[in-house]
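Heads up: the structure comes next, in structure tokens.
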Amino acid sequence: MVGYRGVDLYNPDLEALELINEACSDLGSRFFIRIREKMGLAYFVGTGMMPGLVPGSFLFYLGTSPEKVDPVKKGTPG
């Protein structure tokens, strides 16, 4: 999991982060296809966000085996 400071509910960047989250969170996303299907490095991949009254988080997550951690780090944001 790689996390970044997110935004609050009133931030003008909220809509952009929602689009990124939607584009990276399903089985047809470029993130999923690259890391799981093409590279075979993870069991599951996705993104998540938690906006609130104060800035929340935006994160990329995936599940992999211990021997694939280093190649995953090279192929993901962060």
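Following the order of the structure tokens, first chain is A, next is B, and so on, with residues numbered from 1 inside each chain and ligands from 1 in the order they appear.
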
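By only C-alpha atoms, and with residues fewer than 6 positions from A:Asp8 along its chain excluded, the set lying at most 9 Å from it is Leu14, Met50, Pro51, Gly52, Leu53, Val54, Pro55 and Gly56 of chain A.
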
Helix (DSSP H, G or I) call set, DSSP backbone run, chain A, as a compact mmCIF listing (two decimals) with C-alpha atoms, in the first residue's frame:
# COMPACT_ATOMS: atom_id res chain seq x y z
CA LEU A 14 -11.73 16.22 -5.30
CA GLU A 15 -13.39 15.53 -8.65
CA ALA A 16 -10.04 14.78 -10.32
CA LEU A 17 -9.12 12.32 -7.55
CA GLU A 18 -12.53 10.68 -7.85
CA LEU A 19 -11.90 10.16 -11.57
CA ILE A 20 -8.44 8.68 -10.93
CA ASN A 21 -9.90 6.42 -8.25
CA GLU A 22 -12.66 5.22 -10.57
CA ALA A 23 -10.25 4.66 -13.48
CA CYS A 24 -7.83 2.59 -11.37
CA ARG A 30 -4.74 0.02 -16.71
CA PHE A 31 -3.35 -0.42 -13.18
CA PHE A 32 -4.96 -3.87 -12.85
CA ILE A 33 -4.09 -5.01 -16.37
CA ARG A 34 -0.44 -3.93 -16.11
CA ILE A 35 0.40 -5.21 -12.64
CA ARG A 36 -1.77 -8.32 -12.49
CA GLU A 37 -2.47 -9.50 -16.02
CA LYS A 38 0.66 -8.47 -17.96
CA PRO A 66 7.12 -11.70 -0.62
CA GLU A 67 9.44 -12.56 -3.51
CA LYS A 68 7.60 -10.14 -5.83
CA VAL A 69 7.76 -7.06 -3.58
CA ASP A 70 10.79 -5.46 -5.28
CA PRO A 71 9.48 -5.86 -8.86
CA VAL A 72 6.10 -4.51 -7.72
CA LYS A 73 7.77 -1.42 -6.24
CA LYS A 74 9.38 -0.71 -9.62
CA GLY A 75 6.08 -1.01 -11.47

Would you give me, as a PDB file with C-alpha atoms, in the first residue's frame, the residues in chain A that DSSP reads as strand (DSSP E or B)?
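And here's states_0.pdb as it stands now:
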ATOM      1  CA  VAL A   2       1.274   3.437  -0.928  1.00  0.00           C
ATOM      2  CA  GLY A   3      -0.636   6.357   0.522  1.00  0.00           C
ATOM      3  CA  TYR A   4      -0.718  10.052  -0.227  1.00  0.00           C
ATOM      4  CA  ARG A   5      -2.328  12.984   1.501  1.00  0.00           C
ATOM      5  CA  ASP A   8     -11.115  17.505   1.937  1.00  0.00           C
ATOM      6  CA  PHE A  44      -5.391  -7.965  -6.423  1.00  0.00           C
ATOM      7  CA  VAL A  45      -4.782  -4.274  -7.156  1.00  0.00           C
ATOM      8  CA  GLY A  46      -6.772  -1.101  -6.666  1.00  0.00           C
ATOM      9  CA  THR A  47      -7.028   2.397  -5.308  1.00  0.00           C
ATOM     10  CA  GLY A  48      -8.963   4.020  -2.520  1.00  0.00           C
ATOM     11  CA  MET A  49      -9.695   7.447  -1.190  1.00  0.00           C
ATOM     12  CA  MET A  50     -11.125   8.858   2.001  1.00  0.00           C
ATOM     13  CA  GLY A  52     -13.517  14.211   4.752  1.00  0.00           C
ATOM     14  CA  SER A  57      -5.937   9.851   2.078  1.00  0.00           C
ATOM     15  CA  PHE A  58      -5.533   8.566  -1.447  1.00  0.00           C
ATOM     16  CA  LEU A  59      -3.865   5.198  -1.816  1.00  0.00           C
ATOM     17  CA  PHE A  60      -2.793   2.503  -4.217  1.00  0.00           C
ATOM     18  CA  TYR A  61      -2.905  -1.042  -2.860  1.00  0.00           C
ATOM     19  CA  LEU A  62      -2.115  -4.545  -4.008  1.00  0.00           C
ATOM     20  CA  GLY A  63      -1.552  -8.012  -2.638  1.00  0.00           C
TER      21      GLY A  63
END

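Taking atom CA of A:Asp26 and atom CA of A:Tyr43 as the two end points, the separation is 13.3 Å.
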